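Shown next: protein-v4.cif, containing mmCIF, C-alpha atoms, pLDDT in the B column; chains and numbers go by the auth columns.
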data_work
loop_
_atom_site.group_PDB
_atom_site.id
_atom_site.type_symbol
_atom_site.label_atom_id
_atom_site.label_comp_id
_atom_site.label_asym_id
_atom_site.label_seq_id
_atom_site.Cartn_x
_atom_site.Cartn_y
_atom_site.Cartn_z
_atom_site.B_iso_or_equiv
_atom_site.auth_seq_id
_atom_site.auth_asym_id
ATOM 1 C CA MET A 1 -61.335 33.878 -49.396 80.00 1 A
ATOM 2 C CA THR A 2 -60.791 30.591 -47.560 88.00 2 A
ATOM 3 C CA ALA A 3 -57.622 30.199 -45.509 94.00 3 A
ATOM 4 C CA ASP A 4 -54.856 27.966 -46.877 95.00 4 A
ATOM 5 C CA PRO A 5 -54.838 24.443 -45.335 96.00 5 A
ATOM 6 C CA ASN A 6 -51.048 24.384 -45.664 94.00 6 A
ATOM 7 C CA ASP A 7 -50.810 27.184 -43.078 97.00 7 A
ATOM 8 C CA THR A 8 -52.611 25.346 -40.263 97.00 8 A
ATOM 9 C CA HIS A 9 -49.548 23.825 -38.605 97.00 9 A
ATOM 10 C CA ALA A 10 -47.575 27.079 -38.516 97.00 10 A
ATOM 11 C CA ILE A 11 -50.600 28.948 -37.156 97.00 11 A
ATOM 12 C CA TYR A 12 -50.935 26.570 -34.212 97.00 12 A
ATOM 13 C CA GLU A 13 -47.218 26.806 -33.487 97.00 13 A
ATOM 14 C CA ARG A 14 -47.428 30.613 -33.403 97.00 14 A
ATOM 15 C CA GLN A 15 -50.718 30.846 -31.554 96.00 15 A
ATOM 16 C CA ALA A 16 -50.411 28.029 -29.001 96.00 16 A
ATOM 17 C CA THR A 17 -50.111 30.196 -25.886 95.00 17 A
ATOM 18 C CA ASP A 18 -52.807 32.658 -26.963 93.00 18 A
ATOM 19 C CA TYR A 19 -55.102 29.840 -28.060 92.00 19 A
ATOM 20 C CA ASP A 20 -54.726 28.133 -24.701 93.00 20 A
ATOM 21 C CA LYS A 21 -55.582 31.340 -22.845 92.00 21 A
ATOM 22 C CA ARG A 22 -58.691 31.939 -24.945 90.00 22 A
ATOM 23 C CA ARG A 23 -59.902 28.326 -25.092 92.00 23 A
ATOM 24 C CA SER A 24 -62.983 27.841 -22.910 88.00 24 A
ATOM 25 C CA LYS A 25 -62.315 25.449 -20.036 90.00 25 A
ATOM 26 C CA ALA A 26 -65.982 25.455 -18.973 87.00 26 A
ATOM 27 C CA LEU A 27 -66.565 22.030 -20.559 91.00 27 A
ATOM 28 C CA PHE A 28 -69.567 22.971 -22.663 93.00 28 A
ATOM 29 C CA GLU A 29 -68.695 19.685 -24.419 95.00 29 A
ATOM 30 C CA ALA A 30 -69.479 17.594 -21.319 94.00 30 A
ATOM 31 C CA ARG A 31 -72.883 16.302 -22.489 95.00 31 A
ATOM 32 C CA TRP A 32 -71.352 14.921 -25.679 97.00 32 A
ATOM 33 C CA LEU A 33 -68.317 13.553 -23.867 97.00 33 A
ATOM 34 C CA ALA A 34 -70.618 11.691 -21.496 96.00 34 A
ATOM 35 C CA ARG A 35 -72.619 10.315 -24.414 96.00 35 A
ATOM 36 C CA PHE A 36 -69.413 9.267 -26.158 97.00 36 A
ATOM 37 C CA THR A 37 -68.202 7.340 -23.106 96.00 37 A
ATOM 38 C CA ALA A 38 -71.564 5.826 -22.143 96.00 38 A
ATOM 39 C CA SER A 39 -70.534 2.436 -23.553 94.00 39 A
ATOM 40 C CA LEU A 40 -66.951 2.683 -22.252 96.00 40 A
ATOM 41 C CA LYS A 41 -65.619 1.929 -18.801 95.00 41 A
ATOM 42 C CA PRO A 42 -62.911 3.532 -16.673 93.00 42 A
ATOM 43 C CA GLY A 43 -59.505 2.301 -17.736 97.00 43 A
ATOM 44 C CA ASP A 44 -60.492 2.021 -21.398 98.00 44 A
ATOM 45 C CA ARG A 45 -58.103 3.539 -23.918 98.00 45 A
ATOM 46 C CA VAL A 46 -59.097 6.837 -25.522 98.00 46 A
ATOM 47 C CA LEU A 47 -57.159 8.533 -28.313 98.00 47 A
ATOM 48 C CA ASP A 48 -57.474 12.330 -28.334 98.00 48 A
ATOM 49 C CA LEU A 49 -56.469 13.094 -31.918 98.00 49 A
ATOM 50 C CA GLY A 50 -55.444 16.719 -32.296 98.00 50 A
ATOM 51 C CA CYS A 51 -55.289 16.992 -28.518 98.00 51 A
ATOM 52 C CA GLY A 52 -53.728 20.457 -28.479 96.00 52 A
ATOM 53 C CA THR A 53 -52.810 21.497 -24.944 97.00 53 A
ATOM 54 C CA GLY A 54 -54.940 18.719 -23.424 97.00 54 A
ATOM 55 C CA ASP A 55 -57.305 21.142 -21.746 96.00 55 A
ATOM 56 C CA PRO A 56 -60.220 20.661 -21.414 96.00 56 A
ATOM 57 C CA ILE A 57 -60.877 17.468 -23.462 97.00 57 A
ATOM 58 C CA ALA A 58 -58.026 15.176 -22.384 97.00 58 A
ATOM 59 C CA ARG A 59 -58.306 16.591 -18.854 96.00 59 A
ATOM 60 C CA TRP A 60 -61.947 15.441 -18.715 97.00 60 A
ATOM 61 C CA PHE A 61 -61.103 11.918 -19.880 97.00 61 A
ATOM 62 C CA LYS A 62 -58.238 11.643 -17.397 97.00 62 A
ATOM 63 C CA ALA A 63 -60.479 12.838 -14.556 96.00 63 A
ATOM 64 C CA GLU A 64 -63.077 10.203 -15.524 96.00 64 A
ATOM 65 C CA GLY A 65 -60.490 7.454 -15.248 97.00 65 A
ATOM 66 C CA PHE A 66 -59.711 6.720 -18.888 98.00 66 A
ATOM 67 C CA ASP A 67 -56.277 5.829 -20.253 98.00 67 A
ATOM 68 C CA VAL A 68 -55.644 8.804 -22.560 98.00 68 A
ATOM 69 C CA THR A 69 -53.198 9.098 -25.428 98.00 69 A
ATOM 70 C CA GLY A 70 -52.926 12.569 -26.943 98.00 70 A
ATOM 71 C CA VAL A 71 -51.569 13.124 -30.453 98.00 71 A
ATOM 72 C CA ASP A 72 -50.932 16.543 -31.983 98.00 72 A
ATOM 73 C CA PHE A 73 -48.771 17.988 -34.750 98.00 73 A
ATOM 74 C CA SER A 74 -47.915 21.160 -32.831 98.00 74 A
ATOM 75 C CA GLU A 75 -44.906 20.872 -30.564 98.00 75 A
ATOM 76 C CA ALA A 76 -45.854 24.205 -28.979 98.00 76 A
ATOM 77 C CA MET A 77 -49.255 22.828 -27.976 97.00 77 A
ATOM 78 C CA LEU A 78 -47.760 19.555 -26.723 98.00 78 A
ATOM 79 C CA THR A 79 -45.240 21.460 -24.610 98.00 79 A
ATOM 80 C CA ILE A 80 -48.127 23.007 -22.685 98.00 80 A
ATOM 81 C CA ALA A 81 -49.809 19.605 -22.259 98.00 81 A
ATOM 82 C CA ARG A 82 -46.578 17.991 -21.047 98.00 82 A
ATOM 83 C CA THR A 83 -46.019 20.801 -18.561 97.00 83 A
ATOM 84 C CA ARG A 84 -49.484 20.260 -17.081 96.00 84 A
ATOM 85 C CA TRP A 85 -49.359 16.452 -17.067 97.00 85 A
ATOM 86 C CA PRO A 86 -45.716 15.305 -17.178 97.00 86 A
ATOM 87 C CA ASP A 87 -46.772 11.679 -16.773 95.00 87 A
ATOM 88 C CA GLY A 88 -49.264 11.850 -19.657 96.00 88 A
ATOM 89 C CA ASP A 89 -48.947 9.956 -22.943 98.00 89 A
ATOM 90 C CA TRP A 90 -48.424 12.886 -25.319 98.00 90 A
ATOM 91 C CA ARG A 91 -47.181 12.048 -28.823 98.00 91 A
ATOM 92 C CA HIS A 92 -46.102 14.239 -31.687 98.00 92 A
ATOM 93 C CA GLY A 93 -47.950 13.157 -34.840 98.00 93 A
ATOM 94 C CA ASP A 94 -50.169 14.248 -37.697 98.00 94 A
ATOM 95 C CA MET A 95 -53.685 12.870 -38.052 97.00 95 A
ATOM 96 C CA ARG A 96 -53.100 12.663 -41.803 97.00 96 A
ATOM 97 C CA ASP A 97 -50.511 9.908 -41.433 97.00 97 A
ATOM 98 C CA PHE A 98 -50.420 8.734 -37.789 97.00 98 A
ATOM 99 C CA GLU A 99 -49.706 5.063 -37.230 96.00 99 A
ATOM 100 C CA LEU A 100 -49.760 3.818 -33.651 97.00 100 A
ATOM 101 C CA ASP A 101 -48.936 0.336 -32.432 92.00 101 A
ATOM 102 C CA GLN A 102 -52.191 -0.037 -30.512 96.00 102 A
ATOM 103 C CA THR A 103 -55.943 0.142 -30.835 98.00 103 A
ATOM 104 C CA PHE A 104 -58.379 2.165 -28.773 98.00 104 A
ATOM 105 C CA ASP A 105 -61.844 1.870 -27.272 98.00 105 A
ATOM 106 C CA GLY A 106 -62.624 5.427 -28.318 98.00 106 A
ATOM 107 C CA ILE A 107 -61.194 8.087 -30.617 98.00 107 A
ATOM 108 C CA ILE A 108 -62.138 11.752 -30.409 98.00 108 A
ATOM 109 C CA ALA A 109 -61.050 14.599 -32.682 98.00 109 A
ATOM 110 C CA TRP A 110 -62.691 17.734 -31.275 98.00 110 A
ATOM 111 C CA ASN A 111 -61.823 21.017 -33.013 96.00 111 A
ATOM 112 C CA SER A 112 -59.099 19.341 -35.055 98.00 112 A
ATOM 113 C CA PHE A 113 -60.502 17.011 -37.738 98.00 113 A
ATOM 114 C CA PHE A 114 -62.204 19.849 -39.628 98.00 114 A
ATOM 115 C CA HIS A 115 -58.817 21.399 -40.422 98.00 115 A
ATOM 116 C CA LEU A 116 -58.254 18.598 -42.954 98.00 116 A
ATOM 117 C CA THR A 117 -59.302 18.871 -46.585 98.00 117 A
ATOM 118 C CA ALA A 118 -62.218 16.686 -47.695 98.00 118 A
ATOM 119 C CA ASP A 119 -59.892 14.080 -49.226 98.00 119 A
ATOM 120 C CA GLU A 120 -57.704 14.066 -46.114 98.00 120 A
ATOM 121 C CA GLN A 121 -60.804 13.547 -43.976 98.00 121 A
ATOM 122 C CA THR A 122 -61.870 10.427 -45.861 98.00 122 A
ATOM 123 C CA ASP A 123 -58.332 9.031 -45.538 98.00 123 A
ATOM 124 C CA CYS A 124 -58.270 9.919 -41.843 98.00 124 A
ATOM 125 C CA ILE A 125 -61.578 8.147 -41.155 98.00 125 A
ATOM 126 C CA ALA A 126 -60.113 4.970 -42.661 98.00 126 A
ATOM 127 C CA ARG A 127 -57.015 5.375 -40.478 98.00 127 A
ATOM 128 C CA MET A 128 -59.101 5.996 -37.346 98.00 128 A
ATOM 129 C CA SER A 129 -61.189 2.908 -38.058 98.00 129 A
ATOM 130 C CA ARG A 130 -58.036 0.786 -38.181 98.00 130 A
ATOM 131 C CA HIS A 131 -57.090 2.119 -34.750 98.00 131 A
ATOM 132 C CA LEU A 132 -60.493 1.347 -33.213 98.00 132 A
ATOM 133 C CA ARG A 133 -61.384 -1.893 -31.489 98.00 133 A
ATOM 134 C CA PRO A 134 -64.666 -3.616 -32.458 97.00 134 A
ATOM 135 C CA CYS A 135 -67.581 -1.655 -30.943 96.00 135 A
ATOM 136 C CA GLY A 136 -65.217 1.274 -30.321 98.00 136 A
ATOM 137 C CA MET A 137 -66.611 4.804 -30.380 98.00 137 A
ATOM 138 C CA LEU A 138 -65.689 7.716 -32.633 98.00 138 A
ATOM 139 C CA MET A 139 -66.610 11.382 -32.161 98.00 139 A
ATOM 140 C CA LEU A 140 -65.647 14.269 -34.447 98.00 140 A
ATOM 141 C CA THR A 141 -66.527 17.906 -34.820 98.00 141 A
ATOM 142 C CA VAL A 142 -67.259 18.634 -38.464 98.00 142 A
ATOM 143 C CA GLY A 143 -69.104 21.215 -40.538 97.00 143 A
ATOM 144 C CA PRO A 144 -72.891 21.316 -40.928 97.00 144 A
ATOM 145 C CA ARG A 145 -72.655 20.944 -44.708 97.00 145 A
ATOM 146 C CA ALA A 146 -70.150 20.140 -47.446 98.00 146 A
ATOM 147 C CA GLY A 147 -67.677 22.868 -48.309 97.00 147 A
ATOM 148 C CA GLU A 148 -64.699 24.923 -47.194 97.00 148 A
ATOM 149 C CA ASP A 149 -64.676 27.743 -44.662 96.00 149 A
ATOM 150 C CA SER A 150 -62.359 29.600 -42.303 95.00 150 A
ATOM 151 C CA GLY A 151 -62.237 29.820 -38.539 94.00 151 A
ATOM 152 C CA THR A 152 -59.817 31.504 -36.186 93.00 152 A
ATOM 153 C CA VAL A 153 -56.990 30.346 -33.957 94.00 153 A
ATOM 154 C CA GLY A 154 -55.818 33.150 -31.730 89.00 154 A
ATOM 155 C CA SER A 155 -55.658 36.153 -34.030 89.00 155 A
ATOM 156 C CA GLU A 156 -55.250 34.231 -37.304 95.00 156 A
ATOM 157 C CA ARG A 157 -57.665 32.772 -39.833 96.00 157 A
ATOM 158 C CA VAL A 158 -57.440 29.017 -40.264 97.00 158 A
ATOM 159 C CA TYR A 159 -58.808 26.516 -42.779 98.00 159 A
ATOM 160 C CA HIS A 160 -61.929 24.411 -42.176 98.00 160 A
ATOM 161 C CA ALA A 161 -63.619 21.858 -44.439 98.00 161 A
ATOM 162 C CA SER A 162 -66.433 19.338 -44.273 98.00 162 A
ATOM 163 C CA LEU A 163 -68.206 16.601 -46.171 98.00 163 A
ATOM 164 C CA SER A 164 -71.997 16.528 -46.233 98.00 164 A
ATOM 165 C CA PRO A 165 -73.791 14.508 -43.530 97.00 165 A
ATOM 166 C CA ALA A 166 -74.611 11.886 -46.163 97.00 166 A
ATOM 167 C CA GLY A 167 -71.004 11.922 -47.327 98.00 167 A
ATOM 168 C CA TYR A 168 -69.830 11.167 -43.822 98.00 168 A
ATOM 169 C CA ALA A 169 -72.375 8.369 -43.428 97.00 169 A
ATOM 170 C CA VAL A 170 -71.156 6.715 -46.634 98.00 170 A
ATOM 171 C CA CYS A 171 -67.474 7.119 -45.728 98.00 171 A
ATOM 172 C CA LEU A 172 -68.066 5.694 -42.272 98.00 172 A
ATOM 173 C CA GLU A 173 -69.947 2.691 -43.664 98.00 173 A
ATOM 174 C CA GLU A 174 -67.163 2.014 -46.180 98.00 174 A
ATOM 175 C CA ASN A 175 -64.764 1.786 -43.247 98.00 175 A
ATOM 176 C CA GLY A 176 -66.778 -0.493 -40.985 98.00 176 A
ATOM 177 C CA LEU A 177 -68.300 2.294 -38.931 98.00 177 A
ATOM 178 C CA GLN A 178 -71.930 3.195 -38.336 98.00 178 A
ATOM 179 C CA LEU A 179 -73.186 6.746 -37.807 97.00 179 A
ATOM 180 C CA THR A 180 -75.003 6.935 -34.467 96.00 180 A
ATOM 181 C CA GLY A 181 -75.413 10.683 -34.007 96.00 181 A
ATOM 182 C CA PHE A 182 -75.191 13.925 -35.939 97.00 182 A
ATOM 183 C CA LEU A 183 -76.248 17.330 -34.687 97.00 183 A
ATOM 184 C CA ALA A 184 -75.571 20.438 -36.743 97.00 184 A
ATOM 185 C CA GLU A 185 -74.639 23.646 -34.956 97.00 185 A
ATOM 186 C CA ASP A 186 -75.661 22.492 -31.489 97.00 186 A
ATOM 187 C CA PRO A 187 -76.529 25.659 -29.519 96.00 187 A
ATOM 188 C CA GLU A 188 -75.415 23.986 -26.276 93.00 188 A
ATOM 189 C CA THR A 189 -71.860 23.539 -27.583 95.00 189 A
ATOM 190 C CA GLN A 190 -71.239 27.027 -29.009 93.00 190 A
ATOM 191 C CA SER A 191 -72.707 25.911 -32.361 96.00 191 A
ATOM 192 C CA HIS A 192 -70.336 23.005 -32.938 97.00 192 A
ATOM 193 C CA THR A 193 -71.507 20.272 -35.313 98.00 193 A
ATOM 194 C CA ILE A 194 -70.942 16.846 -33.775 98.00 194 A
ATOM 195 C CA LEU A 195 -70.724 13.446 -35.427 98.00 195 A
ATOM 196 C CA MET A 196 -70.698 10.161 -33.502 98.00 196 A
ATOM 197 C CA ALA A 197 -70.180 6.639 -34.800 98.00 197 A
ATOM 198 C CA HIS A 198 -69.194 3.193 -33.598 97.00 198 A
ATOM 199 C CA LYS A 199 -67.161 0.418 -35.155 98.00 199 A
ATOM 200 C CA ILE A 200 -69.307 -2.500 -36.216 95.00 200 A
#
Let me see whether you can do it: turn the structure in this file into structure tokens.
Amino acid sequence: MTADPNDTHAIYERQATDYDKRRSKALFEARWLARFTASLKPGDRVLDLGCGTGDPIARWFKAEGFDVTGVDFSEAMLTIARTRWPDGDWRHGDMRDFELDQTFDGIIAWNSFFHLTADEQTDCIARMSRHLRPCGMLMLTVGPRAGEDSGTVGSERVYHASLSPAGYAVCLEENGLQLTGFLAEDPETQSHTILMAHKI
């Protein structure tokens, strides 16, 4: 039985410390992060949507010289991020309804976007597009195929969902974005499925 999407927030609040301890900091994502930023330059604005504790994704962007804004719905996760980087731009918000007063050169939602239901994902893509500058980059981790599934956060099961690759391509196009990369279950990233796009 698939986990309940309504439980996701409470799970992250309960599991924040344990999640942070277990989360790999080895940057197996580095190849994709480098590809994502290939058309960006140091100082460009990057939105880490569902930033969690900020480690290792936001940490990588900060180390590479990008202006990082982290948004997460878990105060427990943000507390850890703010402790590590007190001068960071960490904002409490939900990717289902966030509205920021700025646009970004890149938006990444790694290990966060797939917690949304399919309908919430299509709405979120439209919202992310509005927050992207022309030619801005988008990178998401999604599922390899359409459907619902469960993952784990700490010791608890948590909801996952995905559109099909074609479904994502259509949704992106409808929102002024073009799919530029899709790799299902990449063995070099612990079997994550990665989607990349840019704003036309």
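Of the listed residues (A:Glu120, A:Asp105, A:Glu185, A:Thr17), A:Asp105 comes nearest to Lys199 of chain A; the distances count all atoms listed in the file.
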Do you have, as CSV, the list of residues of segment 10-64 of chain A lying at most 12 Å from segment 131-143 of chain A, each with its nearest atom pair and that distance in Å to one decimal, counting all atoms listed in the file and ordered by chain then number?
residue,atom,partner,partner_atom,distance
A:Glu29,CA,A:Thr141,CA,10.8
A:Trp32,CA,A:Met139,CA,8.8
A:Leu33,CA,A:Met139,CA,8.7
A:Ala34,CA,A:Met139,CA,11.4
A:Arg35,CA,A:Met139,CA,9.9
A:Phe36,CA,A:Met137,CA,6.8
A:Thr37,CA,A:Met137,CA,7.9
A:Ala38,CA,A:Met137,CA,9.7
A:Ser39,CA,A:Met137,CA,8.2
A:Leu40,CA,A:Gly136,CA,8.4
A:Lys41,CA,A:Gly136,CA,11.5
A:Asp44,CA,A:Gly136,CA,10.1
A:Arg45,CA,A:Gly136,CA,9.8
A:Val46,CA,A:Met137,CA,9.2
A:Leu47,CA,A:His131,CA,9.1
A:Asp48,CA,A:Met139,CA,10.0
A:Leu49,CA,A:Leu140,CA,9.6
A:Gly50,CA,A:Leu140,CA,10.7
Could you name the residues that touch Ala161 of chain A at 12 Å or less, counting all atoms listed in the file, but leaving out those on the same chain fewer than 2 positions away, as an mmCIF file with C-alpha atoms, keeping the file's coordinate frame?
data_model
loop_
_atom_site.group_PDB
_atom_site.id
_atom_site.type_symbol
_atom_site.label_atom_id
_atom_site.label_comp_id
_atom_site.auth_asym_id
_atom_site.auth_seq_id
_atom_site.Cartn_x
_atom_site.Cartn_y
_atom_site.Cartn_z
ATOM 1 C CA THR A 2 -60.791 30.591 -47.560
ATOM 2 C CA ALA A 3 -57.622 30.199 -45.509
ATOM 3 C CA ASP A 4 -54.856 27.966 -46.877
ATOM 4 C CA PRO A 5 -54.838 24.443 -45.335
ATOM 5 C CA ASN A 111 -61.823 21.017 -33.013
ATOM 6 C CA SER A 112 -59.099 19.341 -35.055
ATOM 7 C CA PHE A 113 -60.502 17.011 -37.738
ATOM 8 C CA PHE A 114 -62.204 19.849 -39.628
ATOM 9 C CA HIS A 115 -58.817 21.399 -40.422
ATOM 10 C CA LEU A 116 -58.254 18.598 -42.954
ATOM 11 C CA THR A 117 -59.302 18.871 -46.585
ATOM 12 C CA ALA A 118 -62.218 16.686 -47.695
ATOM 13 C CA ASP A 119 -59.892 14.080 -49.226
ATOM 14 C CA GLU A 120 -57.704 14.066 -46.114
ATOM 15 C CA GLN A 121 -60.804 13.547 -43.976
ATOM 16 C CA THR A 122 -61.870 10.427 -45.861
ATOM 17 C CA THR A 141 -66.527 17.906 -34.820
ATOM 18 C CA VAL A 142 -67.259 18.634 -38.464
ATOM 19 C CA GLY A 143 -69.104 21.215 -40.538
ATOM 20 C CA PRO A 144 -72.891 21.316 -40.928
ATOM 21 C CA ARG A 145 -72.655 20.944 -44.708
ATOM 22 C CA ALA A 146 -70.150 20.140 -47.446
ATOM 23 C CA GLY A 147 -67.677 22.868 -48.309
ATOM 24 C CA GLU A 148 -64.699 24.923 -47.194
ATOM 25 C CA ASP A 149 -64.676 27.743 -44.662
ATOM 26 C CA SER A 150 -62.359 29.600 -42.303
ATOM 27 C CA GLY A 151 -62.237 29.820 -38.539
ATOM 28 C CA VAL A 158 -57.440 29.017 -40.264
ATOM 29 C CA TYR A 159 -58.808 26.516 -42.779
ATOM 30 C CA LEU A 163 -68.206 16.601 -46.171
ATOM 31 C CA SER A 164 -71.997 16.528 -46.233
#
Selected by the PyMOL selection byres ((chain A and resi 43) around 6) in the shown coordinates: which residues, as a PDB file with C-alpha atoms, in the coordinates of the input?
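This went into selection_23.pdb:
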ATOM      1  CA  PRO A  42     -62.911   3.532 -16.673  1.00 93.00           C
ATOM      2  CA  ASP A  44     -60.492   2.021 -21.398  1.00 98.00           C
ATOM      3  CA  GLY A  65     -60.490   7.454 -15.248  1.00 97.00           C
ATOM      4  CA  PHE A  66     -59.711   6.720 -18.888  1.00 98.00           C
ATOM      5  CA  ASP A  67     -56.277   5.829 -20.253  1.00 98.00           C
TER       6      ASP A  67
END
Could you check which residues have any atom within 8 Å of (-48.5, 7.9, -21.9), counting all atoms listed in the file with coordinates taken straight from the file, and then list them as a list of chain:residue names?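 Residues with an atom at most 8 Å from (-48.5, 7.9, -21.9): A:Val68, A:Thr69, A:Asp87, A:Gly88, A:Asp89, A:Trp90.
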Can you spit out segment 55-69 of chain A with N, CA and C atoms, as a compact mmCIF listing (two decimals), in the first residue's frame, from the structure just given?
# COMPACT_ATOMS: atom_id res chain seq x y z
N ASP A 55 22.43 20.21 3.00
CA ASP A 55 23.63 19.41 2.80
C ASP A 55 23.26 18.06 2.19
N PRO A 56 23.78 17.74 0.98
CA PRO A 56 24.92 18.38 0.33
C PRO A 56 24.59 19.33 -0.83
N ILE A 57 23.32 19.43 -1.27
CA ILE A 57 23.02 20.14 -2.52
C ILE A 57 23.30 21.64 -2.40
N ALA A 58 22.65 22.32 -1.47
CA ALA A 58 22.89 23.76 -1.33
C ALA A 58 24.36 24.04 -1.00
N ARG A 59 24.96 23.17 -0.18
CA ARG A 59 26.38 23.34 0.15
C ARG A 59 27.23 23.37 -1.12
N TRP A 60 26.94 22.48 -2.07
CA TRP A 60 27.70 22.43 -3.32
C TRP A 60 27.55 23.74 -4.09
N PHE A 61 26.32 24.22 -4.23
CA PHE A 61 26.09 25.46 -4.97
C PHE A 61 26.79 26.64 -4.29
N LYS A 62 26.74 26.70 -2.97
CA LYS A 62 27.40 27.79 -2.26
C LYS A 62 28.91 27.72 -2.48
N ALA A 63 29.47 26.52 -2.42
CA ALA A 63 30.91 26.36 -2.62
C ALA A 63 31.34 26.75 -4.03
N GLU A 64 30.43 26.58 -5.01
CA GLU A 64 30.74 26.93 -6.40
C GLU A 64 30.47 28.40 -6.71
N GLY A 65 30.05 29.15 -5.70
CA GLY A 65 29.92 30.59 -5.87
C GLY A 65 28.56 31.09 -6.32
N PHE A 66 27.53 30.26 -6.20
CA PHE A 66 26.19 30.68 -6.60
C PHE A 66 25.46 31.33 -5.42
N ASP A 67 24.51 32.20 -5.75
CA ASP A 67 23.66 32.85 -4.76
C ASP A 67 22.47 31.93 -4.52
N VAL A 68 22.45 31.24 -3.39
CA VAL A 68 21.48 30.17 -3.14
C VAL A 68 20.36 30.62 -2.22
N THR A 69 19.13 30.33 -2.64
CA THR A 69 17.97 30.48 -1.78
C THR A 69 17.40 29.09 -1.54
